[in-house]
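Participant: There's a structure below that I have some questions on.
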Amino acid sequence: MQISRRDLYNQVWSKPMSKLARELDISDVGLAKACRRHNIPRPPRGYWAKLAAGKAPPKPSLPSAKIDTVELDAARHRIAETPKVTIDRASIKASQAALGEALAGVAAATFQRLSNAKPSADGFVTCGSSRVIACSLSPATVERACRLLDTIERAMPAAGARFAHNQEAKRVEVDVSGERLGIGIAENYTRTETVEVDPKYSWMKTRTFTYHFTGELRLTIAGDFAGRKSWADGKRSRLEEKIESIVAGLAGGAQAIAALRAEREEQRRRWAEEAREAEIARERQRRLRNFSDQLHKETEAWHRYCEVKAYVEHLQSQINNGEALPEQSREWLRLATHLARLTDPTKARLESLQAGISGYDYDLPFGKAIGS
């Protein structure tokens, strides 16, 4: 996709980058890279909140550039799409098991477990493991709850769902295309409190609670997503009439989990990309500093050479042509002249430039240091 720098600049400053990226069918990382590559200024962090409060900093002008067209590489930076679970509600068959007919696998195991369970002191029968659904009921609603679970179990395949046994978490989950959701059913209740005061010590009070089961059931699913997670008996309809909604909700919850995970993975990828680009920028600055340091050192060497050469020539100019110097003095001048030539980086640098910089690598972009 191609867009002019001016148009992209105007759009970047008209809406948040994440929103604009979605409209352009590209990731916000790819959009940010395109802006950096073409020297298009972007709003700083917190700009939109400040703008809403009327305190936004002034918008910088668009710098000039030789290239006016921006190429957005959508094929490389397009946002990954999460496959959607298509649900044909008409295909969901909410068929209940006939009286005397065996319940489906997990529902049957749950019914057997609850039927053999002893009620607690408060009247609850509960179960939950890798083999049975998590339940908290009164004995009076056990059969209805398990028949309800049986209906759901029979209807789930139409939405690509099934019950799965999680040995590690010790619970039965709903599996939809590899995404897992917890599931449970419970009976609503109210409770009354009774307070008994000790006849001898009035400050000693004993509180007891009596639970009153309503017969109303509530089915809940658990997962890391935003969306509907519970269905309950209501004044106008019971859970048996909401099977289609429940099964569709299971598939929708799994889809939401997949979308959230994809979003988080994309966020982690963006963070990794930003960290990589920040490291590249730091390395670029390190190379630039290294180049500057080496160039200054070479310049200082040239200045030292000029100073030594000028000094030796000055000494020689002060000596009369006919004046004979001791051998050791002449040796001193020869050595000083020789050392001056050795400190001159000019010849070596010219040869290096003409032959091509050698040693240009990750650690030494300046090239081989002259005189090192």
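Within each chain, counting starts at residue 1; across the structure tokens, chains are named A, B, ... in the order shown, with ligands numbered 1 upward in that order.
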Which residues are close to stretch 328-342 of chain A, i.e. within 6 Å by only C-alpha atoms, leaving aside same-chain residues fewer than 6 positions away? Reply as JSON, numbers by chain.
Facilitator: {"A": [305, 308, 309]}
Participant: Quick one: residues within 12 Å of A:Glu241, only C-alpha atoms counted, chain neighbours fewer than 2 positions away excluded, as an MDAnalysis selection string?
Facilitator: chainID A and resid 93:96 148 151:152 231:234 236:239 243:247
Participant: DSSP says strand (DSSP E) for which residues of stretch 105-259 of chain A? Put them as JSON, numbers by chain?
Facilitator: {"A": [125, 126, 127, 134, 135, 136, 137, 161, 162, 163, 164, 165, 166, 171, 172, 173, 174, 175, 176, 179, 180, 181, 182, 183, 184, 185, 186, 187, 188, 189, 190, 191, 192, 193, 194, 195, 196, 197, 205, 206, 207, 208, 209, 210, 211, 212, 213, 214, 215, 216, 217, 218, 219, 220, 221, 222, 230, 231, 232]}
Participant: Extract the full set of helix (DSSP H, G or I) residues from stretch 16-70 of chain A according to DSSP on the backbone, and format it as a list in words.
Facilitator: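 Result set for stretch 16-70 of chain A (helix (DSSP H, G or I)): Met17, Ser18, Lys19, Leu20, Ala21, Arg22, Glu23, Asp28, Val29, Gly30, Leu31, Ala32, Lys33, Ala34, Cys35, Arg36, Arg37, Tyr47, Trp48, Ala49, Lys50, Leu51 and Ala52 of chain A.
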Participant: Could you give me, as a PDB file with C-alpha atoms, in the first residue's frame, the residues within 8 Å of stretch 6-22 of chain A, counting only C-alpha atoms and dropping anything in the same chain fewer than 6 positions from it?
Facilitator:
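Output file around08.pdb follows:
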ATOM      1  CA  ASP A  28       1.241  -0.465  14.854  1.00  0.00           C
ATOM      2  CA  LEU A  31       3.326   1.768  11.012  1.00  0.00           C
ATOM      3  CA  ALA A  32       5.801   3.234  13.502  1.00  0.00           C
ATOM      4  CA  ILE A  40       7.349  11.560   9.958  1.00  0.00           C
ATOM      5  CA  PRO A  41       6.942  12.859  13.531  1.00  0.00           C
ATOM      6  CA  ARG A  42       4.505  10.939  15.741  1.00  0.00           C
ATOM      7  CA  PRO A  43       2.513  12.000  18.810  1.00  0.00           C
ATOM      8  CA  TRP A  48      -4.203  11.910  23.316  1.00  0.00           C
ATOM      9  CA  LYS A  59       2.224  19.475  16.724  1.00  0.00           C
ATOM     10  CA  LEU A  62       6.505  17.760   8.726  1.00  0.00           C
ATOM     11  CA  ASP A  68       7.157  11.795  -0.863  1.00  0.00           C
ATOM     12  CA  ILE A  79      -2.036  -7.933  12.289  1.00  0.00           C
TER      13      ILE A  79
END
Participant: Excluding A:Val29 and its own-chain neighbours fewer than 2 positions away, which residues fall within 10 Å of it when counting only C-alpha atoms? Please give them as a ChimeraX atom specification.
Facilitator: /A:17-18,21,26-27,31-35,77-79,266-267,269-271,273-274
Participant: Need to verify the contact set: A:Ser177, 9 Å, only C-alpha atoms, exclusion of same-chain residues closer than 5 positions in sequence. Can you return it as a ChimeraX atom specification?
Facilitator: /A:85,160-161,251,254-255
Participant: Restricted to all heavy atoms, what would the selected residues look like written as an mmCIF file, in the first residue's frame?
Facilitator:
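Final output, again.cif:
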data_model
loop_
_atom_site.group_PDB
_atom_site.id
_atom_site.type_symbol
_atom_site.label_atom_id
_atom_site.label_comp_id
_atom_site.auth_asym_id
_atom_site.auth_seq_id
_atom_site.Cartn_x
_atom_site.Cartn_y
_atom_site.Cartn_z
ATOM 1 N N VAL A 85 -14.883 -18.801 15.353
ATOM 2 C CA VAL A 85 -15.697 -20.004 15.429
ATOM 3 C C VAL A 85 -17.089 -19.648 14.928
ATOM 4 O O VAL A 85 -17.783 -18.828 15.544
ATOM 5 C CB VAL A 85 -15.764 -20.535 16.871
ATOM 6 C CG1 VAL A 85 -16.624 -21.786 16.918
ATOM 7 C CG2 VAL A 85 -14.369 -20.817 17.386
ATOM 8 N N GLY A 160 -18.568 -27.470 17.857
ATOM 9 C CA GLY A 160 -17.165 -27.874 17.895
ATOM 10 C C GLY A 160 -16.628 -27.980 19.301
ATOM 11 O O GLY A 160 -15.425 -27.835 19.526
ATOM 12 N N ALA A 161 -17.495 -28.249 20.261
ATOM 13 C CA ALA A 161 -17.089 -28.301 21.671
ATOM 14 C C ALA A 161 -17.246 -29.710 22.230
ATOM 15 O O ALA A 161 -18.016 -30.528 21.707
ATOM 16 C CB ALA A 161 -17.918 -27.315 22.488
ATOM 17 N N ALA A 251 -18.779 -21.454 22.870
ATOM 18 C CA ALA A 251 -17.949 -21.234 21.686
ATOM 19 C C ALA A 251 -17.458 -19.795 21.620
ATOM 20 O O ALA A 251 -16.302 -19.529 21.279
ATOM 21 C CB ALA A 251 -18.743 -21.584 20.430
ATOM 22 N N ALA A 254 -14.576 -19.286 24.088
ATOM 23 C CA ALA A 254 -13.317 -19.839 23.575
ATOM 24 C C ALA A 254 -12.726 -18.923 22.512
ATOM 25 O O ALA A 254 -11.514 -18.702 22.465
ATOM 26 C CB ALA A 254 -13.563 -21.233 22.998
ATOM 27 N N GLN A 255 -13.590 -18.384 21.665
ATOM 28 C CA GLN A 255 -13.116 -17.462 20.625
ATOM 29 C C GLN A 255 -12.524 -16.212 21.253
ATOM 30 O O GLN A 255 -11.494 -15.702 20.797
ATOM 31 C CB GLN A 255 -14.289 -17.087 19.724
ATOM 32 C CG GLN A 255 -13.933 -16.143 18.599
ATOM 33 C CD GLN A 255 -15.120 -15.885 17.700
ATOM 34 O OE1 GLN A 255 -15.807 -16.806 17.274
ATOM 35 N NE2 GLN A 255 -15.379 -14.622 17.423
#
Participant: Considering only C-alpha atoms, state which residue in the set A:Ala164, A:Phe213, A:Pro44, A:Gly253 is at the smallest distance from A:Arg228.
Facilitator: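 Of A:Ala164, A:Phe213, A:Pro44, A:Gly253, the one nearest A:Arg228 is A:Gly253, counting only C-alpha atoms.
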Participant: Could you please determine the separation between atom CA of A:Ile185 and atom CA of A:Ile221 in Å, to one decimal place?
Facilitator: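 Going from atom CA of A:Ile185 over to atom CA of A:Ile221, I get 8.9 Å.
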Participant: Compile the contact shell of A:Thr214 as an MDAnalysis selection string: residues with an atom at most 8 Å away, counting only C-alpha atoms, same-chain residues fewer than 4 positions apart removed.
Facilitator: chainID A and resid 187:190
Participant: Please list as a VMD selection string every residue within 12 Å of A:Ala121, counting only C-alpha atoms and excluding residues in the same chain fewer than 2 positions away.
Facilitator: chain A and resid 118 to 119 123 to 125 138 208 to 211
Participant: Could you tell me which of A:Val142, A:Leu181, A:Ala301, A:Ala256 comes closest to A:Phe225 if we count only C-alpha atoms?
Facilitator: A:Ala256
Participant: What gap, in Å, lies between atom CA of A:Ala108 and atom CA of A:Ala155?
Facilitator: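 Between atom CA of A:Ala108 and atom CA of A:Ala155 the gap works out to 15.3 Å.
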